[in-house]
>>> print(open('my_file.txt').read())   # compact mmCIF, C-alpha atoms
# COMPACT_ATOMS: atom_id res chain seq x y z
CA MET A 1 -30.32 49.22 -13.60
CA GLU A 2 -29.02 52.74 -13.29
CA SER A 3 -25.80 53.68 -14.93
CA GLY A 4 -24.62 55.24 -11.69
CA ALA A 5 -24.75 51.90 -9.91
CA GLN A 6 -22.39 50.29 -12.39
CA TYR A 7 -20.19 53.27 -13.10
CA PRO A 8 -20.07 55.71 -10.19
CA PHE A 9 -17.91 58.12 -12.16
CA LEU A 10 -20.73 58.39 -14.75
CA ALA A 11 -23.47 59.09 -12.25
CA ASN A 12 -25.58 61.38 -14.43
CA ALA A 13 -24.26 60.59 -17.87
CA PRO A 14 -26.15 58.16 -20.14
CA LEU A 15 -24.50 54.92 -21.17
CA PRO A 16 -22.76 55.01 -24.53
CA ARG A 17 -24.51 53.30 -27.43
CA TYR A 18 -22.82 50.25 -28.80
CA GLU A 19 -23.08 48.52 -32.12
CA GLN A 20 -24.77 45.13 -32.08
CA LEU A 21 -22.71 42.24 -33.31
CA LYS A 22 -23.86 40.19 -36.26
CA GLU A 23 -24.48 37.13 -34.09
CA GLU A 24 -26.66 39.15 -31.71
CA GLN A 25 -28.78 40.41 -34.61
CA GLU A 26 -29.26 36.86 -35.94
CA LEU A 27 -30.09 35.56 -32.49
CA SER A 28 -32.72 38.21 -31.87
CA ALA A 29 -34.28 37.44 -35.24
CA LEU A 30 -34.39 33.73 -34.47
CA GLU A 31 -35.89 34.24 -31.02
CA ALA A 32 -38.79 36.20 -32.45
CA ASN A 33 -39.81 33.60 -35.05
CA VAL A 34 -38.80 30.14 -33.75
CA PRO A 35 -40.28 28.41 -30.73
CA VAL A 36 -37.83 27.17 -28.10
CA ALA A 37 -36.81 23.53 -28.43
CA THR A 38 -35.57 21.38 -25.57
CA THR A 39 -32.74 18.91 -25.68
CA MET A 40 -32.70 15.76 -23.57
CA VAL A 41 -29.44 14.08 -22.69
CA HIS A 42 -29.72 10.46 -21.58
CA MET A 43 -26.94 9.54 -19.18
CA SER A 44 -26.29 5.98 -18.15
CA PRO A 45 -25.61 5.39 -14.46
CA GLN A 46 -21.96 5.32 -13.55
CA VAL A 47 -20.47 1.91 -13.06
CA TYR A 48 -18.64 1.79 -9.76
CA VAL A 49 -15.54 -0.36 -9.71
CA THR A 50 -15.32 -2.71 -6.79
CA ALA A 51 -12.41 -2.08 -4.49
CA VAL A 52 -9.48 -4.23 -5.54
CA ARG A 53 -7.02 -4.96 -2.76
CA ASP A 54 -3.42 -4.66 -3.87
CA HIS A 55 -1.78 -5.39 -0.46
CA VAL A 56 1.01 -2.82 -0.93
CA VAL A 57 1.48 -2.04 2.76
CA TRP A 58 1.68 -5.73 3.66
CA SER A 59 4.15 -6.27 0.82
CA ILE A 60 6.34 -3.40 2.02
CA PHE A 61 6.35 -4.91 5.53
CA ASN A 62 7.25 -8.35 4.19
CA ALA A 63 9.93 -6.94 1.88
CA MET A 64 11.57 -5.15 4.80
CA PHE A 65 11.16 -7.62 7.65
CA CYS A 66 10.06 -11.02 6.26
CA ASN A 67 12.04 -11.25 3.05
CA CYS A 68 12.69 -14.97 3.23
CA CYS A 69 13.73 -16.36 -0.17
CA CYS A 70 12.92 -12.94 -1.67
CA LEU A 71 9.20 -13.66 -1.38
CA GLY A 72 8.59 -10.20 0.10
CA VAL A 73 10.21 -8.49 -2.89
CA MET A 74 8.20 -10.65 -5.30
CA ALA A 75 5.01 -9.80 -3.42
CA MET A 76 5.92 -6.12 -3.65
CA ALA A 77 6.36 -6.40 -7.42
CA PHE A 78 2.95 -8.04 -7.83
CA SER A 79 1.35 -5.42 -5.55
CA VAL A 80 2.72 -2.63 -7.71
CA LYS A 81 1.49 -4.42 -10.84
CA SER A 82 -1.94 -4.76 -9.23
CA ARG A 83 -2.03 -1.05 -8.42
CA ASP A 84 -1.02 -0.18 -11.99
CA ARG A 85 -3.76 -2.40 -13.43
CA LYS A 86 -6.27 -0.79 -11.06
CA LEU A 87 -5.32 2.70 -12.21
CA VAL A 88 -5.68 1.68 -15.86
CA GLY A 89 -9.14 0.26 -15.14
CA ASP A 90 -8.35 -3.43 -15.66
CA VAL A 91 -10.23 -4.86 -12.69
CA GLU A 92 -9.67 -8.50 -13.65
CA GLY A 93 -5.89 -8.05 -14.04
CA ALA A 94 -5.67 -6.05 -10.81
CA THR A 95 -7.56 -8.77 -8.95
CA SER A 96 -5.28 -11.46 -10.36
CA TYR A 97 -2.08 -9.61 -9.42
CA GLY A 98 -3.55 -8.74 -6.02
CA ASN A 99 -4.35 -12.38 -5.27
CA THR A 100 -0.83 -13.40 -6.29
CA ALA A 101 0.64 -10.71 -4.02
CA LYS A 102 -1.58 -11.93 -1.18
CA SER A 103 -0.42 -15.54 -1.66
CA LEU A 104 3.24 -14.49 -1.74
CA ASN A 105 2.77 -12.35 1.39
CA ILE A 106 1.19 -15.28 3.23
CA ALA A 107 4.00 -17.61 2.14
CA ALA A 108 6.70 -15.09 3.16
CA LEU A 109 5.11 -14.49 6.55
CA LEU A 110 4.57 -18.18 7.31
CA LEU A 111 8.06 -19.16 6.19
CA THR A 112 9.59 -16.39 8.31
CA LEU A 113 7.53 -17.39 11.35
CA LEU A 114 8.52 -21.02 10.82
CA ILE A 115 12.23 -20.12 10.68
CA ILE A 116 11.97 -17.90 13.76
CA THR A 117 10.15 -20.65 15.68
CA LEU A 118 12.70 -23.24 14.57
CA VAL A 119 15.60 -21.04 15.67
CA ILE A 120 13.97 -20.41 19.05
CA VAL A 121 13.33 -24.13 19.56
CA LEU A 122 16.85 -25.07 18.49
CA PHE A 123 18.33 -22.37 20.66
CA ALA A 124 16.25 -23.42 23.66
CA THR A 125 17.10 -27.09 23.24
CA GLY A 126 20.68 -26.23 22.35
CA VAL A 127 21.11 -24.19 25.52
CA ILE A 128 19.70 -27.03 27.57
CA ALA A 129 22.00 -29.53 25.84
CA LEU A 130 24.95 -27.16 26.29
CA LYS A 131 24.17 -26.77 29.97
CA GLN A 132 24.05 -30.54 30.40
CA PHE A 133 27.35 -30.84 28.55
CA ILE A 134 28.99 -28.24 30.82
CA ASN A 135 27.65 -29.98 33.95
CA GLN A 136 28.97 -33.31 32.68
CA MET A 137 32.41 -31.79 31.98
CA ASP A 138 32.49 -30.24 35.47
CA GLU A 139 31.69 -33.63 37.04
CA GLU A 140 34.42 -35.33 35.00
CA ARG A 141 36.91 -32.66 35.97
CA LEU A 142 36.01 -32.99 39.65
CA ASN A 143 36.29 -36.77 39.42
CA THR A 144 39.66 -36.43 37.73
CA PHE A 145 40.84 -34.00 40.41
CA ASP A 146 39.63 -36.29 43.19
CA ASP A 147 41.46 -39.24 41.58
CA PHE A 148 44.63 -37.15 41.32
CA VAL A 149 44.44 -36.16 44.97
CA GLN A 150 43.87 -39.76 46.09
CA ARG A 151 46.81 -41.08 44.08
CA HIS A 152 49.34 -38.49 45.06
CA GLY A 153 48.04 -37.80 48.51
CA LYS A 154 48.62 -34.67 50.43
>>> encode(input="my_file.txt", output="structure tokens")
Amino acid sequence: MESGAQYPFLANAPLPRYEQLKEEQELSALEANVPVATTMVHMSPQVYVTAVRDHVVWSIFNAMFCNCCCLGVMAMAFSVKSRDRKLVGDVEGATSYGNTAKSLNIAALLLTLLIITLVIVLFATGVIALKQFINQMDEERLNTFDDFVQRHGK
């Protein structure tokens, strides 16, 4: 390579001589006498961790909207524990905490749906019973008014 290509300001001047370092001298001496050896590195295949479900999003939903008997908050705690175990590399612990979070999420959701259904049924039957009660009171009031008019006349 020409010196002008590397250093355009030294287009015609020769490159300055430099002193070889001690390591360079030893390396050049070794290269001349010793044949090149190869090194083999044996690498084991990487073990891929199976995806452990921690159910964090479901737990957040249950903690905010379906927090019956604090089951949603408990599910959230187990989901966070599962995620922590997964980050540490403890697949068995993460799976255990994840399954517990899943069970708590199912229980919270079912209990909340049961309560909502019960309230709707009670409200629907309560409204019907209330309407019947009001109709019965109106009939009694009309009967009482008719009796009053008949007794006292016009």
>>> residues_near_point(input="my_file.txt", point="(4.9, 0.4, 1.8)", cutoff="12 Å", atoms="all atoms listed in the file", output="ChimeraX atom specification")
/A:54-65,72-73,75-77,79-80
>>> closest_residue(input="my_file.txt", among="A:Lys102, A:Asp138, A:Leu130, A:Ala108", to="A:Val52", atoms="only C-alpha atoms")
A:Lys102
>>> closest_residue(input="my_file.txt", among="A:Thr117, A:Met40, A:Met74, A:Gln150", to="A:Asn105", atoms="only C-alpha atoms")
A:Met74
>>> atom_distance(input="my_file.txt", atom1="atom CA of A:Thr100", atom2="atom CA of A:Phe78")
6.7 Å
>>> atom_distance(input="my_file.txt", atom1="atom CA of A:Gly98", atom2="atom CA of A:Arg53")
6.1 Å
>>> closest_residue(input="my_file.txt", among="A:Arg141, A:Ala51, A:Phe133, A:Leu104", to="A:Val91", atoms="only C-alpha atoms")
A:Ala51
>>> residues_near_point(input="my_file.txt", point="(12.4, -18.5, 2.6)", cutoff="10 Å", atoms="only C-alpha atoms", output="PyMOL selection string")
chain A and resi 66-72+107-112+114-115
>>> atom_distance(input="my_file.txt", atom1="atom CA of A:Ile116", atom2="atom CA of A:Ile134")
26.2 Å
>>> closest_residue(input="my_file.txt", among="A:Ile106, A:Lys81, A:Gln136, A:Ile120", to="A:Ala94", atoms="all atoms listed in the file")
A:Lys81
>>> build_atoms(input="my_file.txt", residues="stretch 107-132 of chain A", atoms="N, CA and C atoms", output="tab-separated table (two decimals), in the coordinates of the input")
chain	number	residue	atom	x	y	z
A	107	ALA	N	2.88	-16.66	2.16
A	107	ALA	CA	4.00	-17.61	2.14
A	107	ALA	C	5.23	-17.01	2.82
A	108	ALA	N	5.53	-15.74	2.54
A	108	ALA	CA	6.70	-15.09	3.16
A	108	ALA	C	6.53	-15.00	4.67
A	109	LEU	N	5.36	-14.63	5.11
A	109	LEU	CA	5.11	-14.49	6.55
A	109	LEU	C	5.18	-15.84	7.25
A	110	LEU	N	4.54	-16.85	6.68
A	110	LEU	CA	4.57	-18.18	7.31
A	110	LEU	C	5.98	-18.77	7.33
A	111	LEU	N	6.70	-18.62	6.24
A	111	LEU	CA	8.06	-19.16	6.19
A	111	LEU	C	8.96	-18.45	7.20
A	112	THR	N	8.80	-17.14	7.33
A	112	THR	CA	9.59	-16.39	8.31
A	112	THR	C	9.23	-16.80	9.73
A	113	LEU	N	7.94	-16.95	10.02
A	113	LEU	CA	7.53	-17.39	11.35
A	113	LEU	C	8.02	-18.80	11.65
A	114	LEU	N	8.00	-19.67	10.64
A	114	LEU	CA	8.52	-21.02	10.82
A	114	LEU	C	10.01	-21.01	11.14
A	115	ILE	N	10.78	-20.21	10.43
A	115	ILE	CA	12.23	-20.12	10.68
A	115	ILE	C	12.51	-19.55	12.07
A	116	ILE	N	11.77	-18.50	12.44
A	116	ILE	CA	11.97	-17.90	13.76
A	116	ILE	C	11.64	-18.92	14.86
A	117	THR	N	10.53	-19.64	14.69
A	117	THR	CA	10.15	-20.65	15.68
A	117	THR	C	11.20	-21.76	15.76
A	118	LEU	N	11.68	-22.19	14.61
A	118	LEU	CA	12.70	-23.24	14.57
A	118	LEU	C	13.98	-22.79	15.26
A	119	VAL	N	14.40	-21.56	15.02
A	119	VAL	CA	15.60	-21.04	15.67
A	119	VAL	C	15.41	-20.95	17.17
A	120	ILE	N	14.23	-20.50	17.61
A	120	ILE	CA	13.97	-20.41	19.05
A	120	ILE	C	13.99	-21.81	19.68
A	121	VAL	N	13.35	-22.76	19.01
A	121	VAL	CA	13.33	-24.13	19.56
A	121	VAL	C	14.74	-24.71	19.59
A	122	LEU	N	15.48	-24.55	18.52
A	122	LEU	CA	16.85	-25.07	18.49
A	122	LEU	C	17.73	-24.38	19.52
A	123	PHE	N	17.55	-23.09	19.67
A	123	PHE	CA	18.33	-22.37	20.66
A	123	PHE	C	17.98	-22.84	22.06
A	124	ALA	N	16.67	-22.99	22.32
A	124	ALA	CA	16.25	-23.42	23.66
A	124	ALA	C	16.76	-24.82	23.95
A	125	THR	N	16.61	-25.73	23.00
A	125	THR	CA	17.10	-27.09	23.24
A	125	THR	C	18.62	-27.13	23.19
A	126	GLY	N	19.23	-26.30	22.41
A	126	GLY	CA	20.68	-26.23	22.35
A	126	GLY	C	21.27	-25.71	23.64
A	127	VAL	N	20.64	-24.74	24.24
A	127	VAL	CA	21.11	-24.19	25.52
A	127	VAL	C	20.98	-25.25	26.59
A	128	ILE	N	19.88	-25.97	26.58
A	128	ILE	CA	19.70	-27.03	27.57
A	128	ILE	C	20.76	-28.12	27.37
A	129	ALA	N	20.98	-28.51	26.12
A	129	ALA	CA	22.00	-29.53	25.84
A	129	ALA	C	23.39	-29.01	26.20
A	130	LEU	N	23.66	-27.75	25.95
A	130	LEU	CA	24.95	-27.16	26.29
A	130	LEU	C	25.14	-27.13	27.80
A	131	LYS	N	24.08	-26.81	28.51
A	131	LYS	CA	24.17	-26.77	29.97
A	131	LYS	C	24.45	-28.17	30.52
A	132	GLN	N	23.79	-29.17	29.96
A	132	GLN	CA	24.05	-30.54	30.40
A	132	GLN	C	25.48	-30.95	30.08
